[in-house]
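This is start.cif. It holds mmCIF, C-alpha atoms.
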data_protein
loop_
_atom_site.label_atom_id
_atom_site.label_comp_id
_atom_site.auth_asym_id
_atom_site.auth_seq_id
_atom_site.Cartn_x
_atom_site.Cartn_y
_atom_site.Cartn_z
CA MET T 1 13.65 34.91 5.36
CA LEU T 2 10.88 33.49 3.18
CA ALA T 3 11.38 36.16 0.51
CA ALA T 4 15.05 35.21 0.17
CA ALA T 5 14.12 31.61 -0.65
CA GLU T 6 11.04 32.38 -2.72
CA ALA T 7 13.06 34.75 -4.91
CA GLN T 8 15.06 31.71 -6.09
CA GLY T 9 11.88 30.18 -7.55
CA GLY T 10 11.44 26.66 -8.88
CA PHE T 11 9.77 25.05 -5.84
CA PRO T 12 6.20 23.70 -5.87
CA LYS T 13 3.47 25.86 -4.34
CA ARG T 14 2.90 23.44 -1.46
CA VAL T 15 6.48 23.99 -0.28
CA TYR T 16 5.97 27.72 0.19
CA GLU T 17 2.63 27.07 1.87
CA GLU T 18 4.38 24.81 4.38
CA VAL T 19 6.91 27.57 5.08
CA ARG T 20 4.17 30.10 5.60
CA ARG T 21 2.45 27.75 8.07
CA PHE T 22 5.70 27.49 9.99
CA LEU T 23 6.28 31.25 10.04
CA GLY T 24 2.64 31.92 10.92
CA CYS T 25 2.37 29.35 13.71
CA GLY T 26 2.08 30.87 17.17
CA ASP T 27 0.39 34.08 15.97
CA LEU T 28 -3.31 34.72 15.54
CA ARG T 29 -3.66 33.91 11.84
CA ARG T 30 -4.82 30.35 12.60
CA GLY T 31 -7.46 31.49 15.06
CA PHE T 32 -7.41 31.89 18.83
CA THR T 33 -9.36 31.43 22.04
CA LEU T 34 -10.20 34.43 24.24
CA ALA T 35 -10.05 33.55 27.94
CA LYS T 36 -11.01 35.96 30.73
CA CYS T 37 -10.11 35.81 34.43
CA ASP T 38 -13.03 35.86 36.88
CA THR T 39 -10.98 37.71 39.51
CA CYS T 40 -8.98 40.44 37.76
CA LYS T 41 -11.16 40.52 34.61
CA GLU T 42 -8.00 40.45 32.42
CA SER T 43 -8.35 38.75 29.05
CA THR T 44 -5.68 36.72 27.25
CA LEU T 45 -5.43 35.30 23.75
CA ILE T 46 -4.39 31.67 23.22
CA ALA T 47 -3.32 31.11 19.61
CA PHE T 48 -4.22 27.93 17.73
CA SER T 49 -1.49 25.82 16.19
CA CYS T 50 -1.24 25.13 12.47
CA LYS T 51 -1.79 21.40 13.21
CA LYS T 52 0.87 20.32 10.73
CA ARG T 53 3.49 17.61 11.16
CA GLY T 54 6.40 19.31 9.35
CA TRP T 55 9.22 21.07 11.16
CA CYS T 56 7.27 23.61 13.22
CA PRO T 57 8.84 23.37 16.74
CA SER T 58 5.53 24.21 18.43
CA CYS T 59 3.44 21.64 16.56
CA GLY T 60 6.26 19.09 16.73
CA ALA T 61 6.33 19.31 20.52
CA ARG T 62 2.54 19.01 20.69
CA ARG T 63 2.56 15.98 18.40
CA ALA T 64 5.31 14.28 20.43
CA HIS T 65 3.45 14.73 23.72
CA GLU T 66 0.10 13.74 22.24
CA THR T 67 1.55 10.59 20.66
CA ALA T 68 3.34 9.66 23.89
CA ALA T 69 0.16 10.18 25.93
CA HIS T 70 -1.77 7.91 23.56
CA LEU T 71 0.91 5.19 23.60
CA MET T 72 1.14 5.25 27.39
CA GLU T 73 -2.54 4.31 27.45
CA VAL T 74 -2.47 1.53 24.84
CA LEU T 75 0.98 -0.04 25.38
CA PRO T 76 1.29 -2.83 27.96
CA LYS T 77 3.41 -2.05 31.02
CA ILE T 78 6.37 -4.27 30.10
CA ALA T 79 10.01 -3.81 29.18
CA TYR T 80 10.83 -2.37 25.75
CA ARG T 81 13.89 -2.09 23.52
CA GLN T 82 14.49 0.45 20.77
CA TRP T 83 15.92 -0.81 17.46
CA THR T 84 17.21 2.03 15.27
CA LEU T 85 17.93 1.43 11.57
CA SER T 86 19.85 3.96 9.47
CA ALA T 87 20.16 3.68 5.69
CA PRO T 88 23.38 4.35 3.71
CA PHE T 89 23.88 7.64 1.88
CA ALA T 90 23.28 5.96 -1.49
CA LEU T 91 19.72 4.96 -0.50
CA ARG T 92 18.59 8.04 1.42
CA TRP T 93 17.48 9.95 -1.66
CA PRO T 94 15.69 6.96 -3.29
CA VAL T 95 13.60 6.26 -0.17
CA VAL T 96 12.66 9.94 0.05
CA LYS T 97 11.77 9.95 -3.64
CA GLU T 98 9.68 6.79 -3.20
CA PRO T 99 8.55 6.48 0.46
CA ARG T 100 7.15 2.98 -0.22
CA LEU T 101 10.75 1.76 -0.17
CA LEU T 102 11.02 2.91 3.42
CA ARG T 103 7.99 0.78 4.22
CA VAL T 104 9.80 -2.18 2.66
CA LEU T 105 12.71 -1.66 5.04
CA GLU T 106 10.28 -1.29 7.94
CA ARG T 107 8.52 -4.58 7.15
CA CYS T 108 11.78 -6.45 6.58
CA LEU T 109 13.25 -5.22 9.87
CA THR T 110 10.06 -6.03 11.78
CA ARG T 111 9.91 -9.57 10.36
CA ALA T 112 13.59 -10.17 11.13
CA ILE T 113 13.15 -9.07 14.76
CA PHE T 114 9.96 -11.13 15.16
CA ARG T 115 11.68 -14.20 13.72
CA TRP T 116 14.57 -13.79 16.15
CA GLN T 117 12.15 -13.39 19.08
CA ARG T 118 10.22 -16.53 18.14
CA ALA T 119 13.48 -18.48 17.90
CA GLN T 120 14.46 -17.28 21.39
CA ALA T 121 11.02 -18.27 22.73
CA LYS T 122 11.39 -21.73 21.21
CA GLN T 123 14.72 -22.16 23.00
CA LEU T 124 12.94 -21.37 26.27
CA GLY T 125 10.51 -24.22 25.60
CA LEU T 126 7.53 -22.15 24.49
CA LEU T 127 5.23 -24.20 22.28
CA GLY T 128 3.11 -22.97 19.39
CA LYS T 129 3.62 -19.72 17.50
CA PRO T 130 4.06 -16.84 19.94
CA GLN T 131 2.84 -13.38 18.98
CA CYS T 132 5.07 -10.30 18.74
CA GLY T 133 4.39 -6.59 18.53
CA ALA T 134 6.13 -3.33 17.71
CA VAL T 135 5.60 0.41 17.22
CA CYS T 136 7.59 2.11 14.45
CA PHE T 137 8.49 5.82 14.31
CA VAL T 138 9.76 7.18 10.99
CA GLN T 139 12.07 10.19 11.06
CA PHE T 140 13.41 12.05 8.02
CA PHE T 141 15.99 14.24 9.76
CA SER T 142 19.24 14.28 11.69
CA SER T 143 20.41 16.57 14.48
CA SER T 144 22.24 18.68 11.88
CA LEU T 145 19.02 19.40 9.91
CA ALA T 146 20.14 17.02 7.15
CA LEU T 147 17.72 14.78 5.26
CA GLN T 148 18.35 11.39 6.87
CA PRO T 149 15.43 8.92 6.79
CA HIS T 150 15.70 6.29 9.51
CA LEU T 151 13.48 4.04 11.65
CA HIS T 152 12.96 3.78 15.40
CA LEU T 153 11.28 0.49 16.29
CA LEU T 154 9.93 0.14 19.84
CA VAL T 155 9.76 -3.62 20.50
CA PRO T 156 8.61 -5.40 23.69
CA GLU T 157 11.30 -7.47 25.38
CA GLY T 158 9.26 -10.64 25.02
CA VAL T 159 6.39 -12.41 23.25
CA TRP T 160 2.80 -13.33 24.04
CA SER T 161 1.58 -16.88 24.36
CA GLY T 162 -2.15 -16.38 24.43
CA ALA T 163 -2.74 -13.65 27.01
CA ALA T 164 0.45 -14.44 28.95
CA PHE T 165 3.59 -12.39 28.35
CA VAL T 166 6.90 -14.29 28.29
CA ALA T 167 10.01 -12.17 28.80
CA LEU T 168 13.07 -12.88 26.64
CA PRO T 169 16.77 -12.32 27.43
CA ARG T 170 18.45 -9.23 26.04
CA PRO T 171 19.99 -9.61 22.58
CA SER T 172 23.71 -10.09 22.17
CA GLN T 173 25.99 -8.46 19.62
CA GLU T 174 25.73 -11.60 17.49
CA ASP T 175 21.92 -11.47 17.65
CA VAL T 176 21.85 -7.88 16.36
CA GLU T 177 24.16 -8.84 13.50
CA VAL T 178 21.92 -11.82 12.64
CA VAL T 179 18.82 -9.59 12.58
CA LEU T 180 20.54 -7.07 10.30
CA ALA T 181 21.80 -9.79 7.94
CA ARG T 182 18.34 -11.33 7.69
CA MET T 183 16.78 -7.93 7.00
CA LEU T 184 19.32 -7.21 4.26
CA SER T 185 18.71 -10.56 2.59
CA GLN T 186 14.98 -9.78 2.38
CA ALA T 187 15.36 -6.14 1.32
CA LYS T 188 17.84 -6.96 -1.45
CA ARG T 189 15.05 -8.42 -3.56
CA THR T 190 13.48 -4.98 -3.79
CA PHE T 191 16.53 -2.72 -3.96
CA GLU T 192 18.60 -4.75 -6.45
CA ALA T 193 16.15 -3.99 -9.25
CA LEU T 194 15.81 -0.33 -8.24
CA GLU T 195 16.84 2.22 -10.83
CA GLN T 196 18.60 5.33 -9.65
CA PRO T 197 15.97 8.12 -9.58
CA TRP T 198 16.68 11.64 -10.72
CA PRO T 199 15.22 14.93 -9.45
CA GLN T 200 12.37 16.25 -11.54
CA ASP T 201 12.17 19.78 -10.11
CA ALA T 202 14.10 22.21 -7.96
CA PHE T 203 12.53 20.90 -4.75
CA GLU T 204 13.65 17.32 -5.41
CA ALA T 205 17.10 18.62 -6.32
CA LEU T 206 17.16 20.31 -2.93
CA GLN T 207 16.13 17.05 -1.26
CA LEU T 208 18.94 15.24 -3.07
CA GLN T 209 21.39 17.79 -1.70
CA GLY T 210 19.98 17.38 1.81
CA ALA T 211 20.26 13.59 1.67
CA GLN T 212 23.99 13.86 0.91
CA GLU T 213 24.74 16.57 3.49
CA ARG T 214 27.61 15.65 5.81
CA LEU T 215 29.15 17.35 8.81
CA ASN T 216 32.89 17.83 8.74
CA LEU T 217 33.67 15.98 11.98
CA GLY T 218 36.89 14.32 10.93
CA ASP T 219 37.46 10.59 11.14
CA GLU T 220 34.72 8.95 13.17
CA PRO T 221 35.46 5.56 14.78
CA ASN T 222 33.51 2.54 13.60
CA PHE T 223 31.81 0.82 16.51
CA GLY T 224 30.25 -1.94 14.40
CA GLY T 225 32.29 -4.74 15.90
CA SER T 226 32.73 -3.43 19.44
CA PRO T 227 31.34 -5.88 21.99
CA GLY T 228 28.54 -4.67 24.29
CA ARG T 229 27.44 -1.79 22.07
CA LEU T 230 24.75 -3.79 20.25
CA LEU T 231 25.51 -1.97 17.00
CA ALA T 232 25.71 -3.93 13.75
CA VAL T 233 26.90 -2.44 10.44
CA GLY T 234 26.50 -4.04 7.04
CA GLU T 235 26.44 -2.76 3.46
CA GLY T 236 26.08 0.82 4.69
CA PHE T 237 23.16 0.04 7.03
CA SER T 238 23.52 0.36 10.79
CA LEU T 239 21.28 -1.26 13.40
CA HIS T 240 21.47 -0.08 17.00
CA ALA T 241 19.70 -1.95 19.83
CA ALA T 242 21.33 -0.80 23.07
CA THR T 243 18.52 1.50 24.26
CA HIS T 244 15.95 -0.15 26.50
CA VAL T 245 13.58 0.66 29.37
CA HIS T 246 12.57 -1.43 32.38
CA GLU T 247 8.96 -2.53 32.83
CA ASN T 248 8.60 -0.20 35.84
CA ASP T 249 10.24 2.78 34.13
CA THR T 250 7.11 4.63 33.04
CA ASP T 251 8.92 7.94 32.61
CA GLY T 252 11.58 6.27 30.48
CA LEU T 253 8.97 4.72 28.19
CA SER T 254 7.18 8.05 27.80
CA ARG T 255 10.50 9.72 27.01
CA LEU T 256 11.25 7.11 24.33
CA CYS T 257 7.82 7.66 22.76
CA ARG T 258 8.33 11.43 22.71
CA TYR T 259 11.78 10.94 21.21
CA GLY T 260 10.42 8.80 18.39
CA ALA T 261 7.58 11.23 17.60
CA ARG T 262 9.61 14.44 17.99
CA GLY T 263 9.99 17.07 15.32
CA PRO T 264 13.19 17.82 13.39
CA VAL T 265 13.84 21.30 14.81
CA ALA T 266 14.65 21.97 18.47
CA GLU T 267 13.85 25.62 19.10
CA ALA T 268 16.16 25.73 22.14
CA ARG T 269 19.16 25.02 19.87
CA LEU T 270 18.30 27.72 17.32
CA SER T 271 19.38 31.29 17.99
CA GLN T 272 19.98 34.45 15.97
CA ARG T 273 23.40 36.06 16.13
CA ASP T 274 24.23 39.75 16.21
CA ASP T 275 25.27 39.70 12.55
CA GLY T 276 21.79 38.51 11.48
CA LYS T 277 22.78 34.90 10.83
CA TYR T 278 21.37 31.90 12.64
CA ALA T 279 23.23 29.39 14.81
CA TYR T 280 21.98 25.83 15.30
CA GLU T 281 23.73 23.56 17.80
CA THR T 282 23.82 19.87 16.85
CA LYS T 283 23.97 16.90 19.20
CA LYS T 284 27.58 16.24 18.21
CA GLY T 285 28.70 19.62 19.53
CA VAL T 286 29.07 21.30 16.12
CA THR T 287 27.30 24.66 15.74
CA LEU T 288 25.96 25.40 12.27
CA VAL T 289 26.10 29.07 11.27
CA LEU T 290 23.55 29.69 8.52
CA SER T 291 22.18 32.67 6.68
CA SER T 292 18.42 33.11 6.46
CA GLU T 293 18.39 31.63 2.95
CA GLN T 294 20.50 28.63 4.00
CA LEU T 295 18.25 27.99 7.01
CA VAL T 296 15.08 28.06 4.91
CA ARG T 297 16.60 25.70 2.34
CA ARG T 298 17.48 23.25 5.11
CA LEU T 299 13.97 23.50 6.52
CA LEU T 300 12.45 22.88 3.10
CA TRP T 301 13.98 19.46 2.60
CA LEU T 302 12.79 18.34 6.07
CA ILE T 303 9.11 18.39 5.01
CA PRO T 304 7.90 14.76 5.30
CA PRO T 305 6.14 13.18 2.30
CA ALA T 306 2.43 13.82 2.01
CA LYS T 307 0.01 11.10 3.15
CA PHE T 308 2.82 9.13 4.81
CA HIS T 309 2.17 7.84 8.34
CA LEU T 310 5.04 8.65 10.68
CA THR T 311 3.83 6.21 13.38
CA SER T 312 2.70 2.66 12.64
CA PHE T 313 1.91 -0.50 14.62
CA HIS T 314 2.91 -4.08 13.87
CA GLY T 315 2.02 -7.55 15.05
CA VAL T 316 -0.27 -7.97 18.01
CA LEU T 317 -0.24 -4.19 18.65
CA SER T 318 -1.73 -3.33 15.25
CA SER T 319 -5.33 -2.17 15.08
CA HIS T 320 -6.50 -5.18 13.01
CA ALA T 321 -4.90 -7.79 15.30
CA ALA T 322 -7.50 -10.09 16.85
CA ALA T 323 -5.51 -10.45 20.09
CA ARG T 324 -4.85 -6.73 20.59
CA ALA T 325 -7.64 -6.39 23.18
CA THR T 326 -6.09 -9.16 25.31
CA VAL T 327 -2.60 -7.60 25.52
CA THR T 328 -3.39 -3.88 25.77
CA PRO T 329 -4.47 -2.29 29.08
CA LYS T 330 -8.17 -1.90 29.75
CA PRO T 331 -9.44 1.70 29.67
CA SER T 332 -9.59 3.29 33.10
CA SER T 333 -12.80 5.25 32.42
CA PRO T 334 -16.12 3.37 32.22
CA ALA T 335 -17.44 2.62 28.77
CA PRO T 336 -20.19 4.92 27.49
CA PRO T 337 -23.73 3.49 27.39
CA ALA T 338 -24.79 1.80 24.19
CA ALA T 339 -26.62 4.05 21.76
CA ALA T 340 -30.19 3.28 20.77
CA ALA T 341 -30.71 1.40 17.53
CA PRO T 342 -31.42 3.71 14.57
CA ALA T 343 -34.85 3.74 12.98
CA PRO T 344 -35.39 1.50 9.94
CA GLY T 345 -34.01 3.16 6.83
CA ALA T 346 -32.09 5.82 8.78
CA SER T 347 -28.35 6.13 8.40
CA PRO T 348 -26.34 5.05 11.49
CA VAL T 349 -25.07 7.84 13.70
CA LYS T 350 -21.28 8.03 13.86
CA VAL T 351 -19.94 8.45 17.38
CA LYS T 352 -16.87 10.66 17.40
CA LYS T 353 -14.12 9.37 19.64
CA ARG T 354 -12.98 11.71 22.37
CA PRO T 355 -9.31 12.74 22.06
CA THR T 356 -6.85 11.41 24.58
CA LEU T 357 -6.06 14.90 25.88
CA ASP T 358 -8.08 18.08 25.59
CA TRP T 359 -6.22 21.08 24.19
CA ALA T 360 -5.66 22.73 27.60
CA ALA T 361 -4.19 19.58 29.16
CA LEU T 362 -1.99 19.06 26.10
CA HIS T 363 -0.87 22.70 26.32
CA ALA T 364 0.11 22.22 29.97
CA LYS T 365 1.86 18.92 29.26
CA THR T 366 3.87 20.40 26.39
CA TRP T 367 4.93 23.78 27.75
CA GLY T 368 4.17 23.47 31.47
CA VAL T 369 1.70 26.38 31.40
CA ASP T 370 -1.85 26.09 32.75
CA VAL T 371 -3.92 28.36 30.50
CA TRP T 372 -6.82 28.28 32.97
CA LEU T 373 -4.72 29.72 35.82
CA CYS T 374 -4.28 33.51 35.82
CA PRO T 375 -1.10 35.07 37.33
CA CYS T 376 -3.32 36.76 39.92
CA GLY T 377 -4.43 33.35 41.16
CA GLY T 378 -7.88 33.40 39.64
CA LYS T 379 -9.43 31.06 37.15
CA ARG T 380 -9.95 31.83 33.49
CA LYS T 381 -12.89 30.81 31.34
CA VAL T 382 -13.48 30.91 27.60
CA THR T 383 -15.45 33.91 26.42
CA ALA T 384 -14.93 33.60 22.66
CA ILE T 385 -13.43 31.30 20.02
CA VAL T 386 -12.28 32.92 16.78
CA THR T 387 -11.48 30.61 13.85
#

Same coordinates, now as structure tokens:
Amino acid sequence: MLAAAEAQGGFPKRVYEEVRRFLGCGDLRRGFTLAKCDTCKESTLIAFSCKKRGWCPSCGARRAHETAAHLMEVLPKIAYRQWTLSAPFALRWPVVKEPRLLRVLERCLTRAIFRWQRAQAKQLGLLGKPQCGAVCFVQFFSSSLALQPHLHLLVPEGVWSGAAFVALPRPSQEDVEVVLARMLSQAKRTFEALEQPWPQDAFEALQLQGAQERLNLGDEPNFGGSPGRLLAVGEGFSLHAATHVHENDTDGLSRLCRYGARGPVAEARLSQRDDGKYAYETKKGVTLVLSSEQLVRRLLWLIPPAKFHLTSFHGVLSSHAAARATVTPKPSSPAPPAAAAPAPGASPVKVKKRPTLDWAALHAKTWGVDVWLCPCGGKRKVTAIVT
């Protein structure tokens, strides 16, 4: 499959390296752990992941569960609403070409939502300037493996006045339209002066093709003005705000976090047919039948930009916010003892933070398999680590 795409030539070296990481993930080329059962003395190999954030289904599932586990520890136990912003076809390629433009849309949408929340809090009689927060997930894909950059903003259903949380009523259809209009008025200042970019190599030409990929689904109804759907459409942008979770719905919040941090490829929807081609089932019920070359080309344009954070925090939930410690839950485990002061002239010792989940717990949370439990009922232990 890789040879069919590589024979075409013209792509940067890093693109083929990303493909090789995907094809090599799950085998032993990235290293492995050797675990042996104390009862039956049978050994098993546990392969390391490639630890990349592209479109590897294995690493994508691990990243989604790890991100959700981290957010479930740091996010307050309150109600949340998901705001989803999709860009028009004309702007999908420019924001992929220059990812900073996607950050502009993210900031404009966040400010518009925060401004609307503060106005609602003022109507409730809240004095001062309340504080808002949000978590943003950036996705560069659609369910049909097309290049579709869009934003998922997880916003609390309320604001903070000091350390107290004040719940706000759910937005109406008019409120969603006002937020979208305010975001567009701010973003226009950046996009009006934008020149249409052009692809500079074969990889960018492939991305341009992926950004304009459409499924032939016939005439789709426009729900922009339907009451109760909380979906606003304007100038090609669409803003959806109907998805929300209750403050006591812990599983629903975890599911939303995993959905925002998920990878572009669902392995359960991908299958190989008898004729050698591949079938990928989309969410809209359309099954894509692709050759190996077509599948690799679709996977290539789903590689996210380098050095671009796919998860970011805003407002009171950001790491530099002074009030973050007052709104986030306190850690359940006791704090470690303070380290002794370094000797004069010695460099300070950096304390490495412990990960939220160790690799075995993350493995069990992702695939439901306990690597320490042998089928015979015994317990396994690590005997060797090969890197």

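Evaluated on this file, the PyMOL selection byres ((chain T and resi 113) around 9) matches T:Cys108, T:Leu109, T:Thr110, T:Arg111, T:Ala112, T:Phe114, T:Arg115, T:Trp116, T:Gln117, T:Arg118, T:Val155, T:Val176, T:Val179, T:Leu180, T:Met183.
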
**Prompt:** So which one's closest to Phe141 (chain T), T:Lys284, T:Arg92, T:Arg258, T:His244? Using only C-alpha atoms, please.
**Reply:**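 Answer, going by the shortest atom-to-atom distance: T:Arg92.
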
**Asked** To one decimal place, how far is CA of Gly158 (chain T) from CA of Leu231 (chain T) in Å?
**Response**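 Calculated distance between CA of Gly158 (chain T) and CA of Leu231 (chain T) is 20.1 Å.
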
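For the choices T:Ala202, T:Ala181, T:Leu145, T:Leu75, the atom-to-atom distance to Ala279 (chain T) is smallest for T:Leu145 when using all atoms listed in the file.
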
**Request:** Measure the distance from CA of Cys40 (chain T) to CA of Trp359 (chain T) in Å and round it to one decimal.
**Result:**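 Value for the CA of Cys40 (chain T)-CA of Trp359 (chain T) distance: 23.8 Å.
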
If I put a ball of radius 6 Å at (5.8, 13.0, 18.2) in the file's coordinates, which residues poke into it when counting only C-alpha atoms, written as a PDB file with C-alpha atoms, keeping the file's coordinate frame?
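Dumped everything to out.pdb:
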ATOM      1  CA  ARG T  63       2.560  15.980  18.400  1.00  0.00           C
ATOM      2  CA  ALA T  64       5.310  14.280  20.430  1.00  0.00           C
ATOM      3  CA  THR T  67       1.550  10.590  20.660  1.00  0.00           C
ATOM      4  CA  ARG T 258       8.330  11.430  22.710  1.00  0.00           C
ATOM      5  CA  ALA T 261       7.580  11.230  17.600  1.00  0.00           C
ATOM      6  CA  ARG T 262       9.610  14.440  17.990  1.00  0.00           C
TER       7      ARG T 262
END

**Message:** Can you measure CA of Val96 (chain T) to CA of Gln196 (chain T) for me? One decimal in Å is fine.
**Reply:**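 Value for the CA of Val96 (chain T)-CA of Gln196 (chain T) distance: 12.3 Å.
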
**Message:** Around (6.5, -4.9, 27.5), as given in the file, which residues come within 9 Å? Count only C-alpha atoms and list them as a ChimeraX atom specification.
**Reply:** /T:75-81,155-159,165,167,246-247

Selection to disk with C-alpha atoms, as a compact mmCIF listing (two decimals), keeping the file's coordinate frame:
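What ended up in part_27.txt:
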# COMPACT_ATOMS: atom_id res chain seq x y z
CA LEU T 75 0.98 -0.04 25.38
CA PRO T 76 1.29 -2.83 27.96
CA LYS T 77 3.41 -2.05 31.02
CA ILE T 78 6.37 -4.27 30.10
CA ALA T 79 10.01 -3.81 29.18
CA TYR T 80 10.83 -2.37 25.75
CA ARG T 81 13.89 -2.09 23.52
CA VAL T 155 9.76 -3.62 20.50
CA PRO T 156 8.61 -5.40 23.69
CA GLU T 157 11.30 -7.47 25.38
CA GLY T 158 9.26 -10.64 25.02
CA VAL T 159 6.39 -12.41 23.25
CA PHE T 165 3.59 -12.39 28.35
CA ALA T 167 10.01 -12.17 28.80
CA HIS T 246 12.57 -1.43 32.38
CA GLU T 247 8.96 -2.53 32.83

**Complete:** Gly263 (chain T) proximity check over T:Val166, T:Ala193, T:Val382, T:Ile303, using all atoms listed in the file: winner is T:Ile303

**Item:** Residue among T:Ala87, T:Leu194, T:Val265, T:Ala241 lying closest to Arg298 (chain T), counting all atoms listed in the file
**Value:** T:Val265

The centre and edge lengths of an axis-aligned box containing all atoms of region 176-195 of chain T present in the file, extended by 8 Å on each side, are to be given in Å to one decimal, as AutoDock Vina command-line options.
--center_x 18.8 --center_y -4.8 --center_z 2.8 --size_x 26.7 --size_y 30.0 --size_z 43.2

**Asked** Between T:Ala242, T:Arg182, T:Ile46, T:Asp38, which has the minimum distance to Val386 (chain T) (counting only C-alpha atoms)?
**Response**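 Of the candidates, the smallest distance to Val386 (chain T) is held by T:Ile46.
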
**the PyMOL selection byres ((chain T and resi 148-152) around 7) resolved against shown file, as a PyMOL selection string** = chain T and resi 82-87+92+136-142+146-147+153-154+211+260

If you keep C-alpha atoms, can you produce a file of those selected residues as a JSON list (two decimals), in the coordinates of the input?
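selection27.json, freshly written:
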[["chain", "number", "residue", "atom", "x", "y", "z"],
["T", 82, "GLN", "CA", 14.49, 0.45, 20.77],
["T", 83, "TRP", "CA", 15.92, -0.81, 17.46],
["T", 84, "THR", "CA", 17.21, 2.03, 15.27],
["T", 85, "LEU", "CA", 17.93, 1.43, 11.57],
["T", 86, "SER", "CA", 19.85, 3.96, 9.47],
["T", 87, "ALA", "CA", 20.16, 3.68, 5.69],
["T", 92, "ARG", "CA", 18.59, 8.04, 1.42],
["T", 136, "CYS", "CA", 7.59, 2.11, 14.45],
["T", 137, "PHE", "CA", 8.49, 5.82, 14.31],
["T", 138, "VAL", "CA", 9.76, 7.18, 10.99],
["T", 139, "GLN", "CA", 12.07, 10.19, 11.06],
["T", 140, "PHE", "CA", 13.41, 12.05, 8.02],
["T", 141, "PHE", "CA", 15.99, 14.24, 9.76],
["T", 142, "SER", "CA", 19.24, 14.28, 11.69],
["T", 146, "ALA", "CA", 20.14, 17.02, 7.15],
["T", 147, "LEU", "CA", 17.72, 14.78, 5.26],
["T", 153, "LEU", "CA", 11.28, 0.49, 16.29],
["T", 154, "LEU", "CA", 9.93, 0.14, 19.84],
["T", 211, "ALA", "CA", 20.26, 13.59, 1.67],
["T", 260, "GLY", "CA", 10.42, 8.80, 18.39]]

**Request:** Find the spatial neighbours of Ala90 (chain T), counting all atoms listed in the file, within a cut-off of 9 Å - ignore same-chain residues fewer than 4 positions away - and output them as a ChimeraX atom specification.
**Result:** /T:94,211-212,236

**Asked** Using only C-alpha atoms, which of T:Thr387, T:Arg100, T:Lys277, T:Lys330 sits nearest Val296 (chain T)?
**Response** T:Lys277

**Request:** Just say which residues the PyMOL selection byres ((chain T and resi 294) around 12) picks in this file, as a ChimeraX atom specification.
**Result:** /T:1-2,4-5,8,145,206,210,277-280,288-293,295-301

**Prompt:** Can you list, as an MDAnalysis selection string, every protein, DNA or RNA residue that comes within 10 Å of Glu42 (chain T) when you count all atoms listed in the file, leaving out same-chain residues fewer than 3 positions away?
**Reply:** chainID T and resid 35:39 374 376 380
